[in-house]
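Chemist: This is the content of data23.cif (mmCIF, N, CA and C atoms):
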data_my_file
loop_
_atom_site.label_atom_id
_atom_site.label_comp_id
_atom_site.auth_asym_id
_atom_site.auth_seq_id
_atom_site.Cartn_x
_atom_site.Cartn_y
_atom_site.Cartn_z
N MET A 1276 -20.30 8.19 21.61
CA MET A 1276 -20.97 8.34 20.34
C MET A 1276 -20.39 9.51 19.55
N GLU A 1277 -20.01 10.54 20.25
CA GLU A 1277 -19.44 11.72 19.60
C GLU A 1277 -18.11 11.39 18.91
N VAL A 1278 -17.33 10.51 19.53
CA VAL A 1278 -16.04 10.12 18.95
C VAL A 1278 -16.25 9.44 17.59
N ILE A 1279 -17.21 8.55 17.51
CA ILE A 1279 -17.49 7.85 16.26
C ILE A 1279 -17.96 8.84 15.20
N GLU A 1280 -18.79 9.78 15.60
CA GLU A 1280 -19.25 10.82 14.69
C GLU A 1280 -18.07 11.64 14.15
N GLN A 1281 -17.14 11.95 15.04
CA GLN A 1281 -15.96 12.72 14.63
C GLN A 1281 -15.09 11.92 13.66
N LEU A 1282 -14.93 10.63 13.94
CA LEU A 1282 -14.14 9.78 13.05
C LEU A 1282 -14.73 9.74 11.64
N PHE A 1283 -16.06 9.58 11.56
CA PHE A 1283 -16.70 9.47 10.25
C PHE A 1283 -16.85 10.81 9.55
N SER A 1284 -16.55 11.91 10.22
CA SER A 1284 -16.58 13.22 9.57
C SER A 1284 -15.17 13.77 9.34
N ASN A 1285 -14.16 12.97 9.64
CA ASN A 1285 -12.77 13.39 9.45
C ASN A 1285 -12.38 13.14 7.99
N GLY A 1286 -12.36 14.21 7.20
CA GLY A 1286 -12.08 14.11 5.77
C GLY A 1286 -10.72 13.53 5.46
N ILE A 1287 -9.73 13.86 6.27
CA ILE A 1287 -8.38 13.35 6.04
C ILE A 1287 -8.34 11.85 6.26
N LEU A 1288 -8.95 11.38 7.33
CA LEU A 1288 -9.00 9.94 7.61
C LEU A 1288 -9.78 9.20 6.53
N ILE A 1289 -10.90 9.75 6.12
CA ILE A 1289 -11.72 9.12 5.08
C ILE A 1289 -10.93 9.02 3.78
N ALA A 1290 -10.23 10.09 3.42
CA ALA A 1290 -9.42 10.08 2.20
C ALA A 1290 -8.38 8.97 2.25
N GLY A 1291 -7.70 8.83 3.37
CA GLY A 1291 -6.69 7.79 3.52
C GLY A 1291 -7.27 6.39 3.40
N VAL A 1292 -8.40 6.17 4.03
CA VAL A 1292 -9.04 4.85 3.98
C VAL A 1292 -9.54 4.53 2.57
N VAL A 1293 -10.13 5.51 1.91
CA VAL A 1293 -10.62 5.29 0.54
C VAL A 1293 -9.44 5.02 -0.40
N ALA A 1294 -8.35 5.74 -0.25
CA ALA A 1294 -7.16 5.52 -1.09
C ALA A 1294 -6.60 4.12 -0.85
N TRP A 1295 -6.50 3.72 0.42
CA TRP A 1295 -5.98 2.39 0.74
C TRP A 1295 -6.88 1.30 0.13
N ALA A 1296 -8.20 1.43 0.34
CA ALA A 1296 -9.14 0.42 -0.17
C ALA A 1296 -9.11 0.37 -1.69
N SER A 1297 -9.03 1.52 -2.33
CA SER A 1297 -8.96 1.56 -3.80
C SER A 1297 -7.71 0.85 -4.30
N ALA A 1298 -6.58 1.12 -3.66
CA ALA A 1298 -5.32 0.49 -4.06
C ALA A 1298 -5.39 -1.02 -3.86
N GLN A 1299 -5.96 -1.47 -2.77
CA GLN A 1299 -6.04 -2.90 -2.49
C GLN A 1299 -6.92 -3.61 -3.53
N VAL A 1300 -8.03 -2.98 -3.91
CA VAL A 1300 -8.90 -3.58 -4.92
C VAL A 1300 -8.19 -3.62 -6.27
N LEU A 1301 -7.55 -2.50 -6.65
CA LEU A 1301 -6.81 -2.46 -7.91
C LEU A 1301 -5.67 -3.46 -7.91
N LYS A 1302 -5.01 -3.61 -6.77
CA LYS A 1302 -3.91 -4.57 -6.64
C LYS A 1302 -4.41 -6.00 -6.86
N THR A 1303 -5.56 -6.31 -6.32
CA THR A 1303 -6.14 -7.65 -6.48
C THR A 1303 -6.53 -7.90 -7.93
N ILE A 1304 -7.11 -6.89 -8.58
CA ILE A 1304 -7.48 -7.01 -9.98
C ILE A 1304 -6.23 -7.19 -10.84
N THR A 1305 -5.20 -6.38 -10.59
CA THR A 1305 -3.95 -6.48 -11.35
C THR A 1305 -3.33 -7.86 -11.18
N TYR A 1306 -3.28 -8.35 -9.95
CA TYR A 1306 -2.72 -9.67 -9.68
C TYR A 1306 -3.51 -10.75 -10.42
N THR A 1307 -4.83 -10.63 -10.42
CA THR A 1307 -5.69 -11.61 -11.08
C THR A 1307 -5.44 -11.63 -12.59
N ILE A 1308 -5.31 -10.46 -13.19
CA ILE A 1308 -5.07 -10.38 -14.64
C ILE A 1308 -3.71 -10.97 -14.99
N ILE A 1309 -2.68 -10.60 -14.24
CA ILE A 1309 -1.32 -11.07 -14.54
C ILE A 1309 -1.17 -12.56 -14.30
N ASN A 1310 -1.69 -13.05 -13.17
CA ASN A 1310 -1.49 -14.46 -12.80
C ASN A 1310 -2.64 -15.37 -13.20
N ARG A 1311 -3.70 -14.81 -13.75
CA ARG A 1311 -4.87 -15.58 -14.20
C ARG A 1311 -5.47 -16.44 -13.10
N THR A 1312 -5.38 -15.94 -11.89
CA THR A 1312 -6.00 -16.62 -10.75
C THR A 1312 -6.36 -15.58 -9.70
N LEU A 1313 -7.53 -15.75 -9.11
CA LEU A 1313 -7.98 -14.82 -8.07
C LEU A 1313 -7.42 -15.26 -6.73
N ASP A 1314 -6.66 -14.38 -6.09
CA ASP A 1314 -6.15 -14.63 -4.74
C ASP A 1314 -6.73 -13.56 -3.84
N ILE A 1315 -7.78 -13.90 -3.13
CA ILE A 1315 -8.52 -12.93 -2.31
C ILE A 1315 -7.65 -12.35 -1.19
N LYS A 1316 -6.58 -13.07 -0.83
CA LYS A 1316 -5.66 -12.58 0.21
C LYS A 1316 -4.94 -11.31 -0.23
N ARG A 1317 -4.89 -11.06 -1.54
CA ARG A 1317 -4.25 -9.84 -2.05
C ARG A 1317 -5.00 -8.60 -1.60
N LEU A 1318 -6.28 -8.75 -1.23
CA LEU A 1318 -7.05 -7.59 -0.75
C LEU A 1318 -6.45 -6.98 0.51
N LEU A 1319 -5.73 -7.77 1.29
CA LEU A 1319 -5.12 -7.27 2.52
C LEU A 1319 -3.59 -7.39 2.49
N GLY A 1320 -3.05 -7.90 1.40
CA GLY A 1320 -1.62 -8.19 1.34
C GLY A 1320 -0.76 -6.98 1.01
N ASP A 1321 0.52 -7.12 1.31
CA ASP A 1321 1.51 -6.09 0.99
C ASP A 1321 2.04 -6.33 -0.42
N GLY A 1322 2.78 -5.35 -0.93
CA GLY A 1322 3.40 -5.48 -2.24
C GLY A 1322 2.38 -5.43 -3.35
N GLY A 1323 2.86 -5.32 -4.58
CA GLY A 1323 1.97 -5.34 -5.73
C GLY A 1323 1.68 -3.96 -6.28
N MET A 1324 0.90 -3.95 -7.36
CA MET A 1324 0.60 -2.74 -8.12
C MET A 1324 -0.85 -2.37 -7.97
N PRO A 1325 -1.17 -1.17 -7.55
CA PRO A 1325 -0.31 -0.08 -7.10
C PRO A 1325 0.02 -0.21 -5.61
N SER A 1326 0.95 0.58 -5.15
CA SER A 1326 1.32 0.56 -3.74
C SER A 1326 0.23 1.20 -2.89
N ALA A 1327 -0.37 0.41 -2.01
CA ALA A 1327 -1.40 0.95 -1.11
C ALA A 1327 -0.78 1.87 -0.07
N HIS A 1328 0.46 1.57 0.34
CA HIS A 1328 1.14 2.46 1.28
C HIS A 1328 1.29 3.84 0.67
N SER A 1329 1.76 3.89 -0.58
CA SER A 1329 1.96 5.17 -1.25
C SER A 1329 0.65 5.90 -1.46
N ALA A 1330 -0.37 5.18 -1.89
CA ALA A 1330 -1.68 5.80 -2.10
C ALA A 1330 -2.22 6.39 -0.80
N THR A 1331 -2.09 5.65 0.28
CA THR A 1331 -2.62 6.09 1.57
C THR A 1331 -1.91 7.34 2.09
N VAL A 1332 -0.58 7.28 2.14
CA VAL A 1332 0.15 8.42 2.71
C VAL A 1332 0.07 9.66 1.82
N THR A 1333 0.03 9.45 0.50
CA THR A 1333 -0.14 10.59 -0.40
C THR A 1333 -1.50 11.21 -0.23
N SER A 1334 -2.52 10.37 -0.14
CA SER A 1334 -3.88 10.86 0.04
C SER A 1334 -4.03 11.64 1.35
N ILE A 1335 -3.44 11.11 2.41
CA ILE A 1335 -3.50 11.81 3.70
C ILE A 1335 -2.80 13.16 3.61
N ALA A 1336 -1.64 13.19 2.97
CA ALA A 1336 -0.89 14.44 2.86
C ALA A 1336 -1.66 15.47 2.02
N VAL A 1337 -2.17 15.04 0.86
CA VAL A 1337 -2.89 15.97 -0.01
C VAL A 1337 -4.18 16.44 0.65
N ALA A 1338 -4.90 15.53 1.30
CA ALA A 1338 -6.12 15.92 2.02
C ALA A 1338 -5.80 16.92 3.14
N THR A 1339 -4.67 16.73 3.78
CA THR A 1339 -4.22 17.69 4.80
C THR A 1339 -3.97 19.05 4.16
N GLY A 1340 -3.38 19.06 2.97
CA GLY A 1340 -3.17 20.31 2.25
C GLY A 1340 -4.48 20.99 1.91
N PHE A 1341 -5.46 20.20 1.43
CA PHE A 1341 -6.77 20.78 1.11
C PHE A 1341 -7.43 21.37 2.35
N GLU A 1342 -7.33 20.66 3.47
CA GLU A 1342 -8.02 21.09 4.69
C GLU A 1342 -7.28 22.17 5.47
N CYS A 1343 -5.96 22.05 5.55
CA CYS A 1343 -5.19 22.97 6.41
C CYS A 1343 -4.39 24.01 5.63
N GLY A 1344 -4.32 23.81 4.31
CA GLY A 1344 -3.54 24.71 3.48
C GLY A 1344 -2.22 24.06 3.10
N PHE A 1345 -1.83 24.27 1.85
CA PHE A 1345 -0.59 23.66 1.38
C PHE A 1345 0.65 24.39 1.90
N ASP A 1346 0.42 25.49 2.59
CA ASP A 1346 1.53 26.21 3.21
C ASP A 1346 1.60 25.97 4.72
N SER A 1347 0.77 25.04 5.22
CA SER A 1347 0.71 24.80 6.66
C SER A 1347 1.83 23.86 7.11
N PRO A 1348 2.26 24.01 8.35
CA PRO A 1348 3.28 23.09 8.88
C PRO A 1348 2.79 21.64 8.92
N ILE A 1349 1.52 21.42 9.17
CA ILE A 1349 1.01 20.05 9.25
C ILE A 1349 1.05 19.36 7.88
N PHE A 1350 0.80 20.14 6.80
CA PHE A 1350 0.94 19.57 5.45
C PHE A 1350 2.40 19.19 5.21
N ALA A 1351 3.32 20.06 5.61
CA ALA A 1351 4.75 19.78 5.41
C ALA A 1351 5.15 18.48 6.11
N VAL A 1352 4.69 18.29 7.33
CA VAL A 1352 5.00 17.07 8.08
C VAL A 1352 4.39 15.85 7.38
N ALA A 1353 3.13 15.96 6.98
CA ALA A 1353 2.45 14.84 6.32
C ALA A 1353 3.15 14.47 5.01
N MET A 1354 3.56 15.47 4.25
CA MET A 1354 4.21 15.20 2.96
C MET A 1354 5.59 14.58 3.16
N MET A 1355 6.34 15.07 4.14
CA MET A 1355 7.67 14.50 4.39
C MET A 1355 7.55 13.05 4.87
N LEU A 1356 6.57 12.76 5.72
CA LEU A 1356 6.36 11.38 6.16
C LEU A 1356 5.93 10.50 4.98
N ALA A 1357 5.15 11.05 4.06
CA ALA A 1357 4.74 10.30 2.87
C ALA A 1357 5.97 9.93 2.04
N PHE A 1358 6.88 10.89 1.85
CA PHE A 1358 8.09 10.60 1.08
C PHE A 1358 8.95 9.54 1.77
N ILE A 1359 9.01 9.58 3.08
CA ILE A 1359 9.80 8.58 3.82
C ILE A 1359 9.19 7.18 3.63
N VAL A 1360 7.88 7.08 3.73
CA VAL A 1360 7.20 5.79 3.56
C VAL A 1360 7.42 5.26 2.14
N MET A 1361 7.30 6.14 1.15
CA MET A 1361 7.47 5.70 -0.24
C MET A 1361 8.92 5.30 -0.52
N HIS A 1362 9.85 6.03 0.02
CA HIS A 1362 11.26 5.69 -0.15
C HIS A 1362 11.56 4.34 0.50
N ASP A 1363 11.03 4.13 1.67
CA ASP A 1363 11.23 2.86 2.38
C ASP A 1363 10.61 1.69 1.61
N ALA A 1364 9.45 1.91 1.00
CA ALA A 1364 8.79 0.84 0.23
C ALA A 1364 9.64 0.40 -0.95
N MET A 1365 10.35 1.37 -1.57
CA MET A 1365 11.19 1.04 -2.73
C MET A 1365 12.57 0.54 -2.32
N GLY A 1366 12.97 0.80 -1.10
CA GLY A 1366 14.31 0.44 -0.66
C GLY A 1366 14.32 -0.80 0.20
N VAL A 1367 14.28 -0.60 1.48
CA VAL A 1367 14.42 -1.69 2.45
C VAL A 1367 13.37 -2.77 2.24
N ARG A 1368 12.12 -2.38 2.08
CA ARG A 1368 11.06 -3.38 1.96
C ARG A 1368 11.16 -4.16 0.65
N LEU A 1369 11.56 -3.51 -0.43
CA LEU A 1369 11.73 -4.22 -1.70
C LEU A 1369 12.86 -5.23 -1.59
N GLU A 1370 13.96 -4.83 -0.99
CA GLU A 1370 15.10 -5.75 -0.82
C GLU A 1370 14.74 -6.91 0.10
N THR A 1371 13.95 -6.65 1.11
CA THR A 1371 13.50 -7.71 2.02
C THR A 1371 12.71 -8.77 1.25
N GLY A 1372 11.85 -8.34 0.35
CA GLY A 1372 11.08 -9.28 -0.47
C GLY A 1372 11.97 -10.11 -1.38
N LYS A 1373 12.98 -9.47 -1.96
CA LYS A 1373 13.92 -10.20 -2.82
C LYS A 1373 14.69 -11.24 -2.02
N GLN A 1374 15.12 -10.87 -0.83
CA GLN A 1374 15.87 -11.80 0.02
C GLN A 1374 14.97 -12.96 0.46
N ALA A 1375 13.71 -12.67 0.76
CA ALA A 1375 12.79 -13.73 1.16
C ALA A 1375 12.62 -14.75 0.05
N LYS A 1376 12.53 -14.28 -1.19
CA LYS A 1376 12.39 -15.20 -2.33
C LYS A 1376 13.61 -16.09 -2.45
N VAL A 1377 14.80 -15.52 -2.32
CA VAL A 1377 16.04 -16.31 -2.42
C VAL A 1377 16.10 -17.34 -1.30
N ILE A 1378 15.79 -16.93 -0.09
CA ILE A 1378 15.83 -17.85 1.06
C ILE A 1378 14.81 -18.97 0.87
N ASN A 1379 13.59 -18.61 0.45
CA ASN A 1379 12.56 -19.63 0.21
C ASN A 1379 13.02 -20.63 -0.85
N ASP A 1380 13.64 -20.12 -1.93
CA ASP A 1380 14.14 -21.00 -3.00
C ASP A 1380 15.26 -21.91 -2.49
N MET A 1381 16.15 -21.36 -1.66
CA MET A 1381 17.25 -22.16 -1.10
C MET A 1381 16.71 -23.28 -0.21
N ILE A 1382 15.75 -22.96 0.61
CA ILE A 1382 15.16 -23.96 1.51
C ILE A 1382 14.49 -25.06 0.68
N LYS A 1383 13.82 -24.64 -0.39
CA LYS A 1383 13.14 -25.60 -1.27
C LYS A 1383 14.15 -26.56 -1.92
N MET A 1384 15.33 -26.03 -2.27
CA MET A 1384 16.36 -26.88 -2.89
C MET A 1384 16.96 -27.86 -1.89
N VAL A 1385 17.11 -27.45 -0.64
CA VAL A 1385 17.77 -28.27 0.37
C VAL A 1385 16.83 -29.34 0.94
N TYR A 1386 15.59 -28.94 1.22
CA TYR A 1386 14.64 -29.86 1.84
C TYR A 1386 13.67 -30.38 0.79
N THR A 1387 13.34 -31.63 0.87
CA THR A 1387 12.45 -32.24 -0.12
C THR A 1387 10.98 -31.92 0.14
N GLU A 1388 10.60 -31.78 1.39
CA GLU A 1388 9.19 -31.51 1.67
C GLU A 1388 8.90 -30.02 1.51
N ASP A 1389 7.67 -29.73 1.10
CA ASP A 1389 7.26 -28.34 0.92
C ASP A 1389 7.06 -27.67 2.27
N MET A 1390 7.36 -26.39 2.29
CA MET A 1390 7.12 -25.60 3.50
C MET A 1390 5.64 -25.24 3.57
N SER A 1391 5.15 -25.14 4.77
CA SER A 1391 3.77 -24.68 4.95
C SER A 1391 3.74 -23.17 4.70
N PRO A 1392 2.58 -22.62 4.38
CA PRO A 1392 2.48 -21.17 4.17
C PRO A 1392 2.98 -20.36 5.38
N GLU A 1393 2.82 -20.92 6.58
CA GLU A 1393 3.27 -20.23 7.79
C GLU A 1393 4.80 -20.20 7.88
N GLU A 1394 5.45 -21.20 7.33
CA GLU A 1394 6.91 -21.29 7.37
C GLU A 1394 7.59 -20.44 6.31
N LYS A 1395 6.91 -20.24 5.18
CA LYS A 1395 7.49 -19.46 4.09
C LYS A 1395 7.61 -18.00 4.49
N LEU A 1396 8.70 -17.39 4.06
CA LEU A 1396 8.87 -15.95 4.26
C LEU A 1396 8.02 -15.20 3.25
N LYS A 1397 7.47 -14.06 3.65
CA LYS A 1397 6.66 -13.24 2.75
C LYS A 1397 7.54 -12.63 1.67
N GLU A 1398 7.17 -12.86 0.42
CA GLU A 1398 7.93 -12.32 -0.70
C GLU A 1398 7.34 -11.01 -1.22
N PHE A 1399 6.04 -10.82 -1.06
CA PHE A 1399 5.39 -9.57 -1.44
C PHE A 1399 5.49 -8.60 -0.28
N VAL A 1400 6.53 -7.81 -0.25
CA VAL A 1400 6.73 -6.89 0.88
C VAL A 1400 6.90 -5.47 0.38
N GLY A 1401 7.78 -5.27 -0.58
CA GLY A 1401 8.10 -3.92 -1.04
C GLY A 1401 7.49 -3.61 -2.40
N HIS A 1402 7.94 -2.51 -2.97
CA HIS A 1402 7.40 -2.03 -4.24
C HIS A 1402 8.49 -1.54 -5.16
N THR A 1403 8.24 -1.68 -6.45
CA THR A 1403 9.11 -1.10 -7.46
C THR A 1403 8.78 0.39 -7.55
N PRO A 1404 9.67 1.18 -8.13
CA PRO A 1404 9.37 2.61 -8.30
C PRO A 1404 8.06 2.85 -9.07
N THR A 1405 7.77 2.02 -10.06
CA THR A 1405 6.53 2.17 -10.83
C THR A 1405 5.31 1.94 -9.95
N GLN A 1406 5.37 0.94 -9.08
CA GLN A 1406 4.25 0.66 -8.18
C GLN A 1406 4.04 1.81 -7.19
N VAL A 1407 5.15 2.38 -6.72
CA VAL A 1407 5.07 3.51 -5.80
C VAL A 1407 4.49 4.73 -6.51
N LEU A 1408 4.95 4.99 -7.72
CA LEU A 1408 4.44 6.13 -8.50
C LEU A 1408 2.94 5.96 -8.76
N ALA A 1409 2.52 4.75 -9.10
CA ALA A 1409 1.09 4.49 -9.33
C ALA A 1409 0.28 4.75 -8.07
N GLY A 1410 0.80 4.34 -6.91
CA GLY A 1410 0.12 4.61 -5.65
C GLY A 1410 0.06 6.10 -5.35
N PHE A 1411 1.15 6.81 -5.63
CA PHE A 1411 1.21 8.26 -5.44
C PHE A 1411 0.13 8.95 -6.28
N VAL A 1412 0.04 8.59 -7.55
CA VAL A 1412 -0.95 9.18 -8.45
C VAL A 1412 -2.36 8.81 -7.99
N LEU A 1413 -2.57 7.56 -7.60
CA LEU A 1413 -3.88 7.13 -7.11
C LEU A 1413 -4.30 7.94 -5.88
N GLY A 1414 -3.37 8.18 -4.96
CA GLY A 1414 -3.69 8.98 -3.78
C GLY A 1414 -4.16 10.38 -4.13
N ILE A 1415 -3.53 10.99 -5.12
CA ILE A 1415 -3.93 12.33 -5.56
C ILE A 1415 -5.30 12.27 -6.23
N ILE A 1416 -5.50 11.27 -7.10
CA ILE A 1416 -6.79 11.14 -7.80
C ILE A 1416 -7.94 10.96 -6.80
N VAL A 1417 -7.74 10.10 -5.80
CA VAL A 1417 -8.78 9.87 -4.78
C VAL A 1417 -9.14 11.19 -4.10
N ASP A 1418 -8.13 11.99 -3.74
CA ASP A 1418 -8.42 13.25 -3.06
C ASP A 1418 -9.13 14.25 -3.94
N VAL A 1419 -8.72 14.34 -5.19
CA VAL A 1419 -9.38 15.27 -6.11
C VAL A 1419 -10.84 14.87 -6.28
N VAL A 1420 -11.09 13.57 -6.48
CA VAL A 1420 -12.48 13.09 -6.63
C VAL A 1420 -13.27 13.37 -5.35
N LEU A 1421 -12.72 13.04 -4.19
CA LEU A 1421 -13.44 13.31 -2.93
C LEU A 1421 -13.67 14.80 -2.72
N PHE A 1422 -12.68 15.62 -3.06
CA PHE A 1422 -12.79 17.07 -2.89
C PHE A 1422 -13.90 17.61 -3.78
N VAL A 1423 -14.01 17.11 -5.00
CA VAL A 1423 -15.06 17.57 -5.93
C VAL A 1423 -16.43 17.08 -5.46
N LEU A 1424 -16.49 15.83 -5.00
CA LEU A 1424 -17.78 15.27 -4.57
C LEU A 1424 -18.28 15.82 -3.24
N LEU A 1425 -17.34 16.08 -2.34
CA LEU A 1425 -17.75 16.52 -1.00
C LEU A 1425 -17.54 18.01 -0.85
#
Step by step, read the file and then write its structure as structure tokens.
Modeler:
Amino acid sequence: MEVIEQLFSNGILIAGVVAWASAQVLKTITYTIINRTLDIKRLLGDGGMPSAHSATVTSIAVATGFECGFDSPIFAVAMMLAFIVMHDAMGVRLETGKQAKVINDMIKMVYTEDMSPEEKLKEFVGHTPTQVLAGFVLGIIVDVVLFVLL
């Protein structure tokens, strides 16, 4: 029971979860507005605006700074890992999504029958720099709001 109590009183963990959930909800709303259709799977999906990965790791890093000090070694580690995650989202993961789209289109041209959703490669994988920046800003906003409220 004490472990659960500790988890729910961990400000850094709470900040990360709130940032992730906020990004996922905003991502679903953005997708709905742009595509004029509600896809509830976007609530848990990768890719899209804003980047939930960026929001989460930024929020964890900033919350670590608030709790441990912005001059602490643990903040430095958290921030460097956040930059690595954000860089990866814009690089390797974005290119993976582009390649998946090309491969899916090629398969569609060659075969007459449609692929099942399980057979299709995921195209929403990475993020554009704008999506990453939006997630970064969202992570900071979530922490400032939580810091003021709590």
Chemist: Just the helix (DSSP H, G or I) stuff from chain A, please, per backbone DSSP, written as number ranges by chain.
Modeler: A: 1277-1283, 1286-1310, 1315-1318, 1327-1343, 1348-1365, 1367-1385, 1404-1424
Chemist: Go through stretch 1344-1388 of chain A and flag each residue having an atom no more than 8 Å from stretch 1305-1328 of chain A; for those, report the closest pair of atoms plus their distance in Å to one decimal, using only N, CA and C atoms, ordered by chain and rising number, as a Markdown table.
Modeler:
| residue | atom | partner | partner_atom | distance |
| --- | --- | --- | --- | --- |
| A:Ala1357 | CA | A:His1328 | C | 7.6 |
| A:Val1360 | C | A:His1328 | C | 6.5 |
| A:Met1361 | N | A:His1328 | C | 6.5 |
| A:Ala1364 | CA | A:His1328 | CA | 7.9 |
Chemist: Counting all atoms listed in the file, figure out which residue out of A:Met1276, A:Leu1421, A:Val1337, A:Ala1330 gets nearest to A:Val1407.
Modeler: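 So, comparing all the options, the nearest one is A:Ala1330.
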Chemist: Between atom CA of A:Val1300 and atom N of A:Ile1378, what is the distance, to one decimal in Å?
Modeler: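 Answer for the atom CA of A:Val1300 to atom N of A:Ile1378 separation: 28.5 Å.
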Chemist: Between atom C of A:Gly1414 and atom N of A:Glu1277, what is the distance in Å, rounded to a tenth?
Modeler: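 Taking atom C of A:Gly1414 as the start and atom N of A:Glu1277 as the end point, the length is 29.1 Å.
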Chemist: How would you write, as number ranges by chain, the residues chosen by the PyMOL selection byres ((chain A and resi 1415) around 8) on this structure?
Modeler: A: 1294, 1329-1335, 1337-1338, 1409-1414, 1416-1421
